[in-house]
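> Have a look at this one.
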Amino acid sequence: MRIIVVGNGMVGYKFCEKWTAQAPAGSYHLQVFGEEPRPAYDRVHLSAFFSGKTEEDLYLAPGTWYAEQGIDLHLGELIIQVDTEKRSVITHQGRAYTYDALILATGSAPFVPNIRGVDKQGVFVYRSIEDLEQICVYGKKICAQGKNPQGAVLGGGLLGLEAAKAVMDLGLETHVVEFAPRLMPRQLDDAGANLLKEKIEELGIKVHLQKSTSNIEGSDRIQALAFSDGENLPCDMLVISAGIRPRDELGRQCDLEIAPRGGIVVDETMRTSDPYIFAIGEAASYRGMVYGLVAPGYEMAEVAVASLLGKMQVMSPVVDMSTALKLIGVEVASFGDAFGENGPHRPIVFQDQLKGVYKRLNVSSDGKKLLGGILVGDSSDYNQLIQIYKNGIALPPEPEALIVKLSGAESAFGSVMDLPDAAVICSCESVSKGRICQAVVEEGCETLKAVVKCTKAASGCGGCKPMVDDLIKGTLKGMGKVVKDVICEHFAFSRQELFDLVKLKGYTAFEEVIAGHGQGMGCEVCKPVMASIFASLSAETASAQNSIQDTNDRFLANIQRNGTYSVVPRIPGGEITPAKLIVIGQVAEKYGLYTKITGGQRIDLFGARMEDLPLIWEELIAAGFESGHAYGKALRTVKSCVGSTWCRFGMLDSVSFAIEVEERYKGLRAPHKIKGGVSGCIRECAEARGKDFGIIATEEGWNLYVCGNGGANPKHAVLLAEKIDSETCIRYLDRFLMFYIKTAGPLVRTAPWLEKMEGGINYLIDVVVNDCLGIGADLEADMAKLVANYQCEWTEAINNPAIRARFKHFVNSDEGDDNIEFVDLRGQIMPKLW
């Protein structure tokens, strides 16, 4: 069979991948024509190009893959004509090729509105790597000219916000211009879009809604956008991302049926009006719609392959338009009937303005079925919700518990193992639960890496990876196999087991542990884990295990993207004297450092050269500062509000208690970073419930919350104990933190640690408060030992000549790195863009 694929984008590549995996070898001749000069690449993550990813990093497969699969790949060759009678295609070079089946995967082109001046210099579209290269070159050029350059993005949809992130990364003041009354109008309702707008504006991006651009002003290059309401927006660069238009010109040329709004009409098998021609992806119109997401395109590719092989597989009548992604650092997800437009429903809405979280579920009138939903700011529940929606799983009696953690509420299903085999776990690759379990049971794939390679599950956006991992472990347990979270290939032990071994055997060096209980020389995974264990047992400093530390702990500072480091002195509870503030300013000015106040109520100094770190810290320590451990998996900060000291609403002195807590646990090493907070009343100004531990004052004492976090997957901390005094609160904290340090896996924060704990918060309360294991006194004693043995790591470093000698860029020279370059940013330094 002679098959020709026109288009080598993501969907065209997926067709090739599916075809070569299923068609008998030697039964076909497959040719692929791509008009770009490179093989297929990941358009979904194009903005990563501005974060240092190379062109090759974005490739879906290297060019050699096509030859290995027996595919003739023609790059930089455009098909300009299809002859349906001769069943042949003609390229722009005049070459003709015949086919038995033609796959049109020509994708889409950016929709460019008919605006006067759209052809001016400085106006770009956001679609291909060439577009990004041109945007990057032009952006750097206008940034080099200074004068606060401004960039605008026309379009506030998915791609528009991705483009805005790219413009912002170039260092331009960024504006998003959207014709609709809200951002992402196809995915979010008003409340969700308003929250997204607020979070984006907090990052410094200005959003202009309900704006119709009538003219692009300037002589030969863009200087401003003129809106139809008479307003103007000064602008040095414009990126247009206002939607897509299907590339259906070949279909029109050969008289295929075209949908009224564009796109080659296909049936449920992906056949066009010509039985020998198929259309897939954004070039196709299925049931009157062109779908601009990758998941429907991948399903179309799979259906087209099945049709050619004579299999009975058709396109779903209702196309899955669910999406979950992170836009400019903000989690956004929507699925099903997100707006409740398709029939009677009852909305359940949770909104937390303080945390920046909005969640909406649409359930059936009887409360038994999930119809759709929207998540903004926290999409951690998405995987569970999408499975409930797709598989029609009955909702629990309290469906609000799916988006708000309610004590004692019933779950919709116990685990991923309760899902039916037909449940689609990976939407990107259409991989079912049954297929993943089959790979484990019948094909011997017992690791996540093996299952991904075998089934392609979690190889797309990666959002389903935790669920795939749980499936693997659950299946292995069902086979009677012992499932252990070993830290790496060099140790057949979990972190908890290694912690106990080191404690019982009294080991003090990595070499002793690997000789007695491991194999090989160790790696970048197990070495830092062992360093953390040693520190958690004896409170030794990072320098004591310098040879097995990662870069940050080795140099006691966070390395930045240009090879410089940050300096973060500890400021307990966020309280600082004017004298100390002056010292920080003097140090920053002396060493030319970028200065920023953090969300943890500290001051970060960026841009320090390695050889300057001891000199900087010498001055800070002389002024009474200590290491803030911002570089380590340790206690970072204990944030506080002013409490009863100043605030008229304050119940207790939150600042004094926050300082006491931070001074007690400073330097405490753990499996992951630890953050705390103390609020003086239930108004929660210190955001204590977004921390690993949070303490909130009430009229009757302190309430202690644990296992919360912000970041990529925000979690509210849950109540451990209420109405307790300060002494009891410290005692419970000692027990909780030591229990976490002893039992958590490497790089596991307290929130996921609790989620995986059998018995959950009720069991943790039994251990910490009720001392059901009888280890409370031991945990307190272990913590007391760590507190007593604390020493500031930077004080040790500057006073120890051997440690101080490590802070050199070259081992054989005192010279610094002359490749480090900075540019001006609002009167401060920033790393020069690569």
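Residues in the structure tokens are numbered from 1 in each chain, the chains being A, B, ... in the order shown, and ligands are numbered from 1 in the order shown.
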Could you pull out the helix (DSSP H, G or I) residues of segment 143-358 of chain A, going by DSSP on the backbone, and write them as a VMD selection string?
chain A and resid 143 to 144 158 to 169 190 to 202 249 to 253 281 to 283 294 to 308
> Would you mind listing what lies within 10 Å of Leu476 of chain A as number ranges by chain, with only C-alpha atoms counted and same-chain residues fewer than 5 positions away left out?
A: 437, 440-441, 445-447, 470-471, 481-483
> Based on the backbone DSSP call, show me all residues of segment 194-410 of chain A assigned strand (DSSP E), as a PyMOL selection string.
chain A and resi 206-209+213-217+224-227+232-234+237-240+244-246+264-266+277-279+284-286+323-327+330-336+346-352+357-363+370-376
> Nearest residue to Leu46 of chain A out of A:Glu133, A:Glu299, A:Glu201, A:Asp612, using only C-alpha atoms?
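Smallest separation from Leu46 of chain A among the options: A:Glu133.
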